[in-house]
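K.L.:
Please see the structure below; I have some questions.
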Amino acid sequence: MQFNVEWLKKWVAVDLDAQALADKLTAAGLEVDDVRAVSGEFTDVVVAEIEDCRQHPNADKLKLCSVNDGSGEALQIVCGAPNARTGIRVPLARVGAQIGPDFKIKRAKLRGIESAGMLCSARELGLSDDHSGLMELPDDAPVGHALVEYLSLDDTVIEVDLTPNRADCLSIRGLARDVSASCDAQYTPLQIDPVPADNEAKFPIRLESPEDCPRYAGRIIRGINPTAKTPLWMAETLRRCGLRSISPTVDVTNYVLLELGQPMHAFDLDKLNGEIVVRRGRAGEKLVLLDESEVDLDTEVLAICDQDGPVAIAGIMGGMDSGVTDSTRDILFESAYFKPATIMGKARAYGMHTDASHRFERGVDPQGQVVAVERATALLLEIAGGDPGPLLLAEEPACIPRNQAVTLRPERLNAVVGCEIPKATVESILRRLGMDVEWAGDRWSVTAPSARFDIEIEEDLIEEIARIYGYDEIPEAPVSGELVPAASGHRVSLARLREALCSAGYQEAINYSFVDEGHLRAVHQDDHVLPLANPLSSDMDVLRTTLLPGLLTSLARNVRRQQPRVRLFETGVAFLQRETMNEVERLAGIATGNALPEQWGEPSRTLDFFDMKGDIERLFALRGDTCKPVFEPAELPWMHPGASAIIKLDGEAVGWCGSVHPLVAKSFEVKRSVFAFEIDLEKLLNREVPITKKISRFPSVRRDLAIQLPDHVSFAQVKNCITGCAGPLLEKIIVFDVYQGENLKKSYKSLAIGLIFNNVSSTLKDEDVDSVIETVVSGLEQHLDAQLRG
């Protein structure tokens, strides 16, 4: 929001210079981005009139002007501006004038003709970026008068960067109210009286979508003067607020936008047919906008229509065919309240951002439409005349939002702020902000004005009081409260998981949560997808349901850049749209290339399933010795058949791992073997509380077994069987050889297993271990069809 200080001071009696005012705004939570003068630096520039203008005798693009600067002596000035002509009044920099820090006006000869001064454009004076020609002043501008005084250029522009919740400050009225509260200055609101009707001109208004537009106000004004000019004071005010003057009708709507925060639109009444209908757009409808762009409408867009079809996009921009022109004499003013959620994102979807959409997306005062029409009517009648009709109003009261009373407790206020604020001070602050305040026994009941729809809960009121009271006024106090331990024995820190993966050679990747739906389809994870209403781009149109596409994309990018060995991991949220939106924290990893970095100590070997399985087991080992994951073979559509598994913990599936299907990898332009995993992060973070146990002082006993058993029997089954049969003396199981080949039954394999036994209370004897071995062998034979070899 950009405004000039002198306009603000007409609303609030604040005696501060521009910089002090900017500091006060920032301290109150309205961050100031820029403070600058309304014009550039110049001296001795006056209002002058071109009394005669003719062609330069020695140049086709120059003109020779006779200029009256009020001194009584005509000045001869050479000018190249295309709009230089007899009779106009323009700024003149006299000989000796200073324009900017380095340019001084001197007498000079241009193509052999002496020139005594310079006629100026707005850009040369730092008033705007317009350098198309001379800056034309009104016909009644006093010749010889200093331009600084005539345009009241002793003024400053302040630009405020507002947060989305402070839409009330997108107007001079809202800013003045806030400044009044923070500076404890007199607030003087504008008196806006209803304009009496001079005729009975009406135009039907129908709200077909009242939940999107519950209030629509308007007024017909007939017979305005199409040749009227916007007065200098209004054009200058608009310029200082960043808008250019266009025509009286358009300028009035823009002025009311800046003054009251209510966007308005003016239709050419002769171009409307039948009635105004506020409804959703329909498939196939098109509209040419005021910027001459053609847009397609649909049911997601709220449209302003007449009997022939759309004439404007609600809250964004009007249509070209119904807009006012230089010949328009009869107009219909529009002032409406649109639900912010209905307008939000629609302008961006069309590649636009307008002053109207900026305000409607954040929300306007739902009670401000009639006042805006009355103010615009009065201004236009003053400037261009005309006969106003009666106020037109269509509304659905049940759909118009209204602020509810919010309870504020003194003890809660003082506890949050950190000091005791007197009751009288609290009530004064709230009333200066325009709120209704009532003391109800031991608490306040506060109702915010309709423009402050951001006040919903007690904390909102506390924030308002704290910022107006002044953060600098709150005394410093030592931090108090109960400290919570940073680490818990029941949790594995996320940092520890990251360290473990980095130690295993992985690097952390950070990818967008927005992905291409085609990528999710490629990895067969496009169920439960939530599409974005306003995607940043076509390849970021949905929220991810898995972290795999982002990691595959990152891996492909590295492979294309000649990285032979890539290992990446990522922690992030997967979004699953079921009956409600589920956000699941995941840990995922991906790897390709050799198992070990290139070196002399070990021969190169391609990464395989068991390398990644080992990485996953090391992660689960951080949870405790008894929290062992089980890898069950599974056929997953995005994984290679026979080389993928479901990861289970205590019988519950918590993730998957294995080799990515070659067709999936190919769709991401990866033509090599890729292994990946994805695990629910919460399952990795929960752990057993570590418990110490006594270490045995006695020697351990090792017995080795060689068994043959069917190929389909996994080591996990063997381990579970041995553990169940061996009892508490078994300390460790080691597999040190796997054999498949000759001297074995068909479809059988041989495992060489080392069993280590120990006892914390005594030395084990051979007969103690022998009986355990007999039980283990018997159990293997009975449950797994295993046979002891040798």
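Chain labels follow the order of the structure tokens: the first chain is A, the next B, and so on; residue numbering restarts at 1 in every chain, and ligands are counted from 1 in their shown order.
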Write out as a PyMOL selection string all residues of stretch 216-379 of chain A that DSSP puts in helix (DSSP H, G or I) for this structure's backbone.
P.N.:
chain A and resi 232-240+248-260+269-271+340-343+346-349+355-362+369-379
K.L.:
Mind the document's chain letters and residue numbers, and return as an MDAnalysis selection string the residues of stretch 128-185 of chain A that DSSP labels strand (DSSP E or B).
P.N.:
chainID A and resid 137 146 156:161
K.L.:
Write out, as a PDB file, in the first residue's frame, the residues just selected, with N, CA and C atoms.
P.N.:
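So again.pdb came out as:
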ATOM      1  N   LEU A 137      -0.251  21.002 -17.626  1.00  0.00           N
ATOM      2  CA  LEU A 137      -0.908  21.466 -16.420  1.00  0.00           C
ATOM      3  C   LEU A 137      -2.299  22.014 -16.757  1.00  0.00           C
ATOM      4  N   ALA A 146       5.640  29.099  -8.605  1.00  0.00           N
ATOM      5  CA  ALA A 146       6.589  27.988  -8.411  1.00  0.00           C
ATOM      6  C   ALA A 146       5.836  26.654  -8.465  1.00  0.00           C
ATOM      7  N   THR A 156       5.529  13.600   1.096  1.00  0.00           N
ATOM      8  CA  THR A 156       6.327  12.364   1.115  1.00  0.00           C
ATOM      9  C   THR A 156       5.430  11.165   0.879  1.00  0.00           C
ATOM     10  N   VAL A 157       5.967  10.205   0.155  1.00  0.00           N
ATOM     11  CA  VAL A 157       5.267   8.948  -0.099  1.00  0.00           C
ATOM     12  C   VAL A 157       5.831   7.871   0.828  1.00  0.00           C
ATOM     13  N   ILE A 158       4.936   7.127   1.456  1.00  0.00           N
ATOM     14  CA  ILE A 158       5.330   5.989   2.296  1.00  0.00           C
ATOM     15  C   ILE A 158       4.731   4.726   1.706  1.00  0.00           C
ATOM     16  N   GLU A 159       5.542   3.706   1.570  1.00  0.00           N
ATOM     17  CA  GLU A 159       5.070   2.418   1.037  1.00  0.00           C
ATOM     18  C   GLU A 159       5.128   1.380   2.153  1.00  0.00           C
ATOM     19  N   VAL A 160       3.984   0.763   2.433  1.00  0.00           N
ATOM     20  CA  VAL A 160       3.853  -0.180   3.542  1.00  0.00           C
ATOM     21  C   VAL A 160       3.661  -1.584   2.986  1.00  0.00           C
ATOM     22  N   ASP A 161       4.410  -2.541   3.529  1.00  0.00           N
ATOM     23  CA  ASP A 161       4.276  -3.954   3.144  1.00  0.00           C
ATOM     24  C   ASP A 161       3.370  -4.631   4.171  1.00  0.00           C
TER      25      ASP A 161
END
K.L.:
For A:Val660, find every residue with an atom within 10 Å (counting only C-alpha atoms), except residues of its own chain fewer than 6 positions away, and show them as a list in words.
P.N.:
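Answer for this query is Val523, Leu548, Leu552, Ile590, Leu636, Pro637, Trp638, Met639, His640, Pro641, Ala643, Ser644, Lys666, Arg672, Ser673, Val674, Phe675, Ala676 and Phe677 of chain A.
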K.L.:
So which residues touch A:Asp611 within 12 Å, counting only C-alpha atoms, skipping near sequence neighbours fewer than 6 positions away, as a PDB file with all heavy atoms, in the first residue's frame?
P.N.:
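As written to disk, result00.pdb reads:
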ATOM      1  N   ALA A 504      26.610 -43.693   5.891  1.00  0.00           N
ATOM      2  CA  ALA A 504      26.532 -44.789   4.916  1.00  0.00           C
ATOM      3  C   ALA A 504      26.750 -44.310   3.485  1.00  0.00           C
ATOM      4  O   ALA A 504      26.615 -45.107   2.552  1.00  0.00           O
ATOM      5  CB  ALA A 504      25.171 -45.476   5.027  1.00  0.00           C
ATOM      6  N   GLY A 505      27.061 -43.016   3.297  1.00  0.00           N
ATOM      7  CA  GLY A 505      27.378 -42.511   1.963  1.00  0.00           C
ATOM      8  C   GLY A 505      26.246 -41.793   1.264  1.00  0.00           C
ATOM      9  O   GLY A 505      26.384 -41.408   0.107  1.00  0.00           O
ATOM     10  N   ARG A 567      23.856 -41.669  -4.121  1.00  0.00           N
ATOM     11  CA  ARG A 567      23.045 -42.121  -2.993  1.00  0.00           C
ATOM     12  C   ARG A 567      22.386 -40.884  -2.376  1.00  0.00           C
ATOM     13  O   ARG A 567      23.073 -39.980  -1.913  1.00  0.00           O
ATOM     14  CB  ARG A 567      23.897 -42.829  -1.939  1.00  0.00           C
ATOM     15  CG  ARG A 567      24.395 -44.193  -2.393  1.00  0.00           C
ATOM     16  CD  ARG A 567      25.026 -44.943  -1.258  1.00  0.00           C
ATOM     17  NE  ARG A 567      25.304 -46.330  -1.621  1.00  0.00           N
ATOM     18  CZ  ARG A 567      25.455 -47.315  -0.756  1.00  0.00           C
ATOM     19  NH1 ARG A 567      25.350 -47.076   0.528  1.00  0.00           N
ATOM     20  NH2 ARG A 567      25.709 -48.541  -1.162  1.00  0.00           N
ATOM     21  N   ILE A 590      17.407 -43.508  -2.143  1.00  0.00           N
ATOM     22  CA  ILE A 590      17.587 -44.058  -3.492  1.00  0.00           C
ATOM     23  C   ILE A 590      19.080 -44.164  -3.763  1.00  0.00           C
ATOM     24  O   ILE A 590      19.867 -43.354  -3.262  1.00  0.00           O
ATOM     25  CB  ILE A 590      16.876 -43.166  -4.528  1.00  0.00           C
ATOM     26  CG1 ILE A 590      16.683 -43.917  -5.847  1.00  0.00           C
ATOM     27  CG2 ILE A 590      17.612 -41.859  -4.747  1.00  0.00           C
ATOM     28  CD1 ILE A 590      15.696 -43.241  -6.773  1.00  0.00           C
ATOM     29  N   ALA A 591      19.481 -45.190  -4.511  1.00  0.00           N
ATOM     30  CA  ALA A 591      20.914 -45.408  -4.754  1.00  0.00           C
ATOM     31  C   ALA A 591      21.111 -46.105  -6.090  1.00  0.00           C
ATOM     32  O   ALA A 591      20.266 -46.893  -6.544  1.00  0.00           O
ATOM     33  CB  ALA A 591      21.528 -46.234  -3.631  1.00  0.00           C
ATOM     34  N   THR A 592      22.248 -45.829  -6.716  1.00  0.00           N
ATOM     35  CA  THR A 592      22.638 -46.502  -7.951  1.00  0.00           C
ATOM     36  C   THR A 592      24.154 -46.484  -8.040  1.00  0.00           C
ATOM     37  O   THR A 592      24.826 -45.710  -7.352  1.00  0.00           O
ATOM     38  CB  THR A 592      22.023 -45.812  -9.179  1.00  0.00           C
ATOM     39  OG1 THR A 592      22.259 -46.599 -10.347  1.00  0.00           O
ATOM     40  CG2 THR A 592      22.605 -44.424  -9.390  1.00  0.00           C
ATOM     41  N   GLY A 593      24.707 -47.372  -8.855  1.00  0.00           N
ATOM     42  CA  GLY A 593      26.160 -47.427  -9.025  1.00  0.00           C
ATOM     43  C   GLY A 593      26.784 -48.527  -8.199  1.00  0.00           C
ATOM     44  O   GLY A 593      26.126 -49.515  -7.829  1.00  0.00           O
ATOM     45  N   ASN A 594      28.071 -48.385  -7.883  1.00  0.00           N
ATOM     46  CA  ASN A 594      28.791 -49.400  -7.132  1.00  0.00           C
ATOM     47  C   ASN A 594      28.434 -49.362  -5.653  1.00  0.00           C
ATOM     48  O   ASN A 594      28.020 -48.328  -5.108  1.00  0.00           O
ATOM     49  CB  ASN A 594      30.305 -49.210  -7.281  1.00  0.00           C
ATOM     50  CG  ASN A 594      30.779 -49.574  -8.682  1.00  0.00           C
ATOM     51  OD1 ASN A 594      30.131 -50.375  -9.376  1.00  0.00           O
ATOM     52  ND2 ASN A 594      31.889 -49.002  -9.097  1.00  0.00           N
ATOM     53  N   ALA A 595      28.624 -50.506  -4.999  1.00  0.00           N
ATOM     54  CA  ALA A 595      28.329 -50.593  -3.574  1.00  0.00           C
ATOM     55  C   ALA A 595      29.281 -49.742  -2.758  1.00  0.00           C
ATOM     56  O   ALA A 595      28.893 -49.163  -1.733  1.00  0.00           O
ATOM     57  CB  ALA A 595      28.398 -52.050  -3.122  1.00  0.00           C
ATOM     58  N   LEU A 596      30.553 -49.661  -3.214  1.00  0.00           N
ATOM     59  CA  LEU A 596      31.565 -48.890  -2.488  1.00  0.00           C
ATOM     60  C   LEU A 596      32.184 -47.858  -3.418  1.00  0.00           C
ATOM     61  O   LEU A 596      32.211 -48.041  -4.636  1.00  0.00           O
ATOM     62  CB  LEU A 596      32.666 -49.827  -1.968  1.00  0.00           C
ATOM     63  CG  LEU A 596      32.222 -50.900  -0.961  1.00  0.00           C
ATOM     64  CD1 LEU A 596      33.363 -51.876  -0.706  1.00  0.00           C
ATOM     65  CD2 LEU A 596      31.757 -50.258   0.338  1.00  0.00           C
ATOM     66  N   ARG A 605      32.075 -53.561  -7.056  1.00  0.00           N
ATOM     67  CA  ARG A 605      30.918 -54.452  -7.052  1.00  0.00           C
ATOM     68  C   ARG A 605      29.658 -53.607  -7.144  1.00  0.00           C
ATOM     69  O   ARG A 605      29.521 -52.589  -6.479  1.00  0.00           O
ATOM     70  CB  ARG A 605      30.901 -55.280  -5.768  1.00  0.00           C
ATOM     71  CG  ARG A 605      29.673 -56.168  -5.596  1.00  0.00           C
ATOM     72  CD  ARG A 605      29.770 -56.990  -4.319  1.00  0.00           C
ATOM     73  NE  ARG A 605      29.837 -56.168  -3.117  1.00  0.00           N
ATOM     74  CZ  ARG A 605      28.766 -55.630  -2.535  1.00  0.00           C
ATOM     75  NH1 ARG A 605      27.556 -55.800  -3.052  1.00  0.00           N
ATOM     76  NH2 ARG A 605      28.919 -54.921  -1.420  1.00  0.00           N
ATOM     77  N   GLU A 617      18.491 -51.823   7.909  1.00  0.00           N
ATOM     78  CA  GLU A 617      18.610 -52.496   9.206  1.00  0.00           C
ATOM     79  C   GLU A 617      19.413 -51.661  10.194  1.00  0.00           C
ATOM     80  O   GLU A 617      19.125 -51.647  11.393  1.00  0.00           O
ATOM     81  CB  GLU A 617      19.252 -53.879   9.015  1.00  0.00           C
ATOM     82  CG  GLU A 617      18.313 -54.886   8.356  1.00  0.00           C
ATOM     83  CD  GLU A 617      18.990 -56.214   8.077  1.00  0.00           C
ATOM     84  OE1 GLU A 617      20.227 -56.207   7.854  1.00  0.00           O
ATOM     85  OE2 GLU A 617      18.295 -57.246   8.068  1.00  0.00           O
ATOM     86  N   ARG A 618      20.412 -50.939   9.687  1.00  0.00           N
ATOM     87  CA  ARG A 618      21.191 -50.076  10.579  1.00  0.00           C
ATOM     88  C   ARG A 618      20.334 -48.913  11.114  1.00  0.00           C
ATOM     89  O   ARG A 618      20.543 -48.460  12.237  1.00  0.00           O
ATOM     90  CB  ARG A 618      22.429 -49.551   9.855  1.00  0.00           C
ATOM     91  CG  ARG A 618      23.562 -50.575   9.798  1.00  0.00           C
ATOM     92  CD  ARG A 618      24.840 -49.973   9.262  1.00  0.00           C
ATOM     93  NE  ARG A 618      24.768 -49.752   7.830  1.00  0.00           N
ATOM     94  CZ  ARG A 618      25.057 -50.678   6.906  1.00  0.00           C
ATOM     95  NH1 ARG A 618      25.432 -51.895   7.293  1.00  0.00           N
ATOM     96  NH2 ARG A 618      24.980 -50.412   5.619  1.00  0.00           N
ATOM     97  N   CYS A 657      11.056 -51.654   0.091  1.00  0.00           N
ATOM     98  CA  CYS A 657      12.411 -51.456  -0.437  1.00  0.00           C
ATOM     99  C   CYS A 657      12.634 -52.413  -1.592  1.00  0.00           C
ATOM    100  O   CYS A 657      11.874 -53.359  -1.794  1.00  0.00           O
ATOM    101  CB  CYS A 657      13.464 -51.680   0.655  1.00  0.00           C
ATOM    102  SG  CYS A 657      13.569 -53.397   1.222  1.00  0.00           S
ATOM    103  N   GLY A 658      13.695 -52.159  -2.329  1.00  0.00           N
ATOM    104  CA  GLY A 658      14.058 -53.066  -3.408  1.00  0.00           C
ATOM    105  C   GLY A 658      14.537 -52.348  -4.645  1.00  0.00           C
ATOM    106  O   GLY A 658      14.891 -51.157  -4.616  1.00  0.00           O
ATOM    107  N   SER A 659      14.531 -53.086  -5.758  1.00  0.00           N
ATOM    108  CA  SER A 659      14.999 -52.570  -7.037  1.00  0.00           C
ATOM    109  C   SER A 659      13.839 -51.928  -7.792  1.00  0.00           C
ATOM    110  O   SER A 659      12.780 -52.535  -7.954  1.00  0.00           O
ATOM    111  CB  SER A 659      15.593 -53.708  -7.875  1.00  0.00           C
ATOM    112  OG  SER A 659      15.958 -53.254  -9.159  1.00  0.00           O
ATOM    113  N   PHE A 675      18.049 -48.780  -6.778  1.00  0.00           N
ATOM    114  CA  PHE A 675      17.420 -49.339  -5.578  1.00  0.00           C
ATOM    115  C   PHE A 675      16.861 -48.189  -4.740  1.00  0.00           C
ATOM    116  O   PHE A 675      17.447 -47.104  -4.677  1.00  0.00           O
ATOM    117  CB  PHE A 675      18.435 -50.153  -4.764  1.00  0.00           C
ATOM    118  CG  PHE A 675      18.852 -51.426  -5.447  1.00  0.00           C
ATOM    119  CD1 PHE A 675      19.891 -51.433  -6.365  1.00  0.00           C
ATOM    120  CD2 PHE A 675      18.180 -52.605  -5.191  1.00  0.00           C
ATOM    121  CE1 PHE A 675      20.265 -52.588  -7.011  1.00  0.00           C
ATOM    122  CE2 PHE A 675      18.545 -53.784  -5.833  1.00  0.00           C
ATOM    123  CZ  PHE A 675      19.591 -53.772  -6.746  1.00  0.00           C
ATOM    124  N   ALA A 676      15.715 -48.442  -4.098  1.00  0.00           N
ATOM    125  CA  ALA A 676      15.053 -47.386  -3.333  1.00  0.00           C
ATOM    126  C   ALA A 676      14.335 -47.982  -2.132  1.00  0.00           C
ATOM    127  O   ALA A 676      14.068 -49.187  -2.079  1.00  0.00           O
ATOM    128  CB  ALA A 676      14.068 -46.627  -4.225  1.00  0.00           C
ATOM    129  N   PHE A 677      14.040 -47.141  -1.169  1.00  0.00           N
ATOM    130  CA  PHE A 677      13.224 -47.539  -0.019  1.00  0.00           C
ATOM    131  C   PHE A 677      12.422 -46.338   0.452  1.00  0.00           C
ATOM    132  O   PHE A 677      12.766 -45.176   0.174  1.00  0.00           O
ATOM    133  CB  PHE A 677      14.086 -48.086   1.120  1.00  0.00           C
ATOM    134  CG  PHE A 677      14.960 -47.061   1.794  1.00  0.00           C
ATOM    135  CD1 PHE A 677      14.479 -46.275   2.843  1.00  0.00           C
ATOM    136  CD2 PHE A 677      16.294 -46.878   1.401  1.00  0.00           C
ATOM    137  CE1 PHE A 677      15.282 -45.346   3.475  1.00  0.00           C
ATOM    138  CE2 PHE A 677      17.102 -45.948   2.023  1.00  0.00           C
ATOM    139  CZ  PHE A 677      16.595 -45.170   3.065  1.00  0.00           C
TER     140      PHE A 677
END
K.L.:
Would you mind telling me which residue in A:Ala556, A:Thr692, A:Leu258, A:Arg166 lies nearest to A:Asp460 when using only C-alpha atoms?
P.N.:
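Comparing A:Ala556, A:Thr692, A:Leu258, A:Arg166 against A:Asp460, the winner is A:Arg166.
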K.L.:
Give me the residues within 12 Å of A:Val529 as a list in words, counting only C-alpha atoms and dropping any in the same chain fewer than 6 places off.
P.N.:
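What passes the distance filter is Phe514, Val515, Asp516, Glu517, Gly518, His519, Leu520, Arg521, Asp541, Val542, Leu543, Arg544, Thr545, Thr546, Ala574, Phe575, Leu576, Gln577, Arg578, Glu579, Thr580, Met581, Asn582 and Glu583 of chain A.
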K.L.:
Hey, can you spit out that residue selection with N, CA, C and O atoms as a compact mmCIF listing (two decimals), in the first residue's frame?
P.N.:
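Once written, out35.txt looks like this:
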# COMPACT_ATOMS: atom_id res chain seq x y z
N PHE A 514 5.21 -30.34 -4.39
CA PHE A 514 4.38 -30.31 -5.58
C PHE A 514 5.08 -31.12 -6.68
O PHE A 514 6.26 -30.89 -6.96
N VAL A 515 4.38 -32.04 -7.29
CA VAL A 515 4.97 -32.87 -8.33
C VAL A 515 4.03 -32.97 -9.53
O VAL A 515 2.87 -32.56 -9.47
N ASP A 516 4.57 -33.53 -10.60
CA ASP A 516 3.79 -33.78 -11.80
C ASP A 516 2.94 -35.04 -11.58
O ASP A 516 3.46 -36.08 -11.18
N GLU A 517 1.64 -34.93 -11.82
CA GLU A 517 0.79 -36.10 -11.63
C GLU A 517 1.24 -37.25 -12.51
O GLU A 517 1.09 -38.42 -12.15
N GLY A 518 1.84 -36.94 -13.67
CA GLY A 518 2.36 -37.99 -14.54
C GLY A 518 3.47 -38.79 -13.88
O GLY A 518 3.60 -40.00 -14.12
N HIS A 519 4.27 -38.13 -13.04
CA HIS A 519 5.33 -38.85 -12.33
C HIS A 519 4.75 -39.81 -11.29
O HIS A 519 5.25 -40.92 -11.12
N LEU A 520 3.68 -39.37 -10.61
CA LEU A 520 3.04 -40.28 -9.66
C LEU A 520 2.41 -41.46 -10.39
O LEU A 520 2.41 -42.59 -9.89
N ARG A 521 1.88 -41.19 -11.57
CA ARG A 521 1.30 -42.27 -12.37
C ARG A 521 2.38 -43.25 -12.80
O ARG A 521 2.17 -44.47 -12.83
N ASP A 541 1.49 -29.92 -10.39
CA ASP A 541 0.05 -29.73 -10.31
C ASP A 541 -0.64 -30.52 -9.21
O ASP A 541 -1.84 -30.34 -8.98
N VAL A 542 0.07 -31.40 -8.51
CA VAL A 542 -0.54 -32.18 -7.43
C VAL A 542 0.43 -32.26 -6.25
O VAL A 542 1.63 -32.02 -6.39
N LEU A 543 -0.12 -32.61 -5.08
CA LEU A 543 0.72 -32.88 -3.92
C LEU A 543 1.20 -34.32 -3.97
O LEU A 543 0.45 -35.22 -4.36
N ARG A 544 2.44 -34.57 -3.60
CA ARG A 544 3.02 -35.89 -3.71
C ARG A 544 2.39 -36.87 -2.72
O ARG A 544 2.07 -36.51 -1.60
N THR A 545 2.20 -38.09 -3.16
CA THR A 545 1.75 -39.16 -2.28
C THR A 545 2.91 -40.05 -1.87
O THR A 545 2.74 -40.95 -1.04
N THR A 546 4.06 -39.84 -2.45
CA THR A 546 5.28 -40.58 -2.13
C THR A 546 6.47 -39.69 -2.44
O THR A 546 6.39 -38.78 -3.27
N ALA A 574 4.24 -36.92 2.84
CA ALA A 574 3.42 -37.43 1.73
C ALA A 574 1.97 -37.11 2.05
O ALA A 574 1.52 -37.26 3.19
N PHE A 575 1.21 -36.68 1.03
CA PHE A 575 -0.16 -36.22 1.23
C PHE A 575 -1.12 -37.22 0.59
O PHE A 575 -1.05 -37.46 -0.63
N LEU A 576 -2.01 -37.77 1.39
CA LEU A 576 -2.95 -38.78 0.91
C LEU A 576 -4.37 -38.26 1.14
O LEU A 576 -4.79 -38.03 2.27
N GLN A 577 -5.10 -38.07 0.02
CA GLN A 577 -6.46 -37.56 0.10
C GLN A 577 -7.44 -38.72 0.15
O GLN A 577 -7.71 -39.38 -0.84
N ARG A 578 -7.94 -38.98 1.35
CA ARG A 578 -8.98 -40.01 1.51
C ARG A 578 -10.26 -39.28 1.93
O ARG A 578 -10.69 -38.36 1.25
N GLU A 579 -10.91 -39.74 3.00
CA GLU A 579 -12.06 -38.98 3.48
C GLU A 579 -11.62 -37.63 4.00
O GLU A 579 -12.34 -36.64 3.90
N THR A 580 -10.44 -37.60 4.59
CA THR A 580 -9.81 -36.34 5.00
C THR A 580 -8.37 -36.35 4.48
O THR A 580 -7.87 -37.39 4.04
N MET A 581 -7.73 -35.23 4.55
CA MET A 581 -6.34 -35.15 4.11
C MET A 581 -5.42 -35.74 5.18
O MET A 581 -5.45 -35.32 6.34
N ASN A 582 -4.64 -36.74 4.79
CA ASN A 582 -3.67 -37.36 5.70
C ASN A 582 -2.27 -36.92 5.29
O ASN A 582 -1.88 -37.08 4.13
N GLU A 583 -1.53 -36.39 6.24
CA GLU A 583 -0.14 -36.00 6.00
C GLU A 583 0.75 -36.98 6.77
O GLU A 583 0.67 -37.05 7.99
K.L.:
Given the choices A:Leu497, A:Ile457, A:Ala522, A:Ala424, which gets closest to A:Ala665 if the distance is worked out from only C-alpha atoms?
P.N.:
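Once distances to A:Ala665 are computed over only C-alpha atoms, the minimum belongs to A:Ala522.
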K.L.:
Do you have the atom CA of A:Ile105-atom CA of A:Gly117 distance handy?
P.N.:
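Taking atom CA of A:Ile105 and atom CA of A:Gly117, their separation equals 6.4 Å.
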K.L.:
Just the residues within 7 Å of A:Arg409, please, counting only C-alpha atoms, with nothing from its chain fewer than 3 positions along; format it as a list in words.
P.N.:
Arg412, Leu413, Arg443 and Trp444 of chain A
K.L.:
Applying 10 Å and only C-alpha atoms, which residues near stretch 763-774 of chain A remain after dropping the ones on its own chain fewer than 2 positions away? List them as a list in words.
P.N.:
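Residues meeting the cut-off are Ser696, Arg697, Phe698, Pro699, Ser700, Val701, Arg702, Arg703, Asp704, Leu705, Ile722, Cys725, Ala726, Gly727, Leu729, Leu730, Leu755, Ile756, Phe757, Asn758, Asn759, Val760, Ser761, Val776, Val777, Ser778 and Gly779 of chain A.
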K.L.:
What gap, in Å, lies between atom CA of A:His265 and atom CA of A:Thr299?
P.N.:
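Atom CA of A:His265 sits 22.3 Å away from atom CA of A:Thr299.
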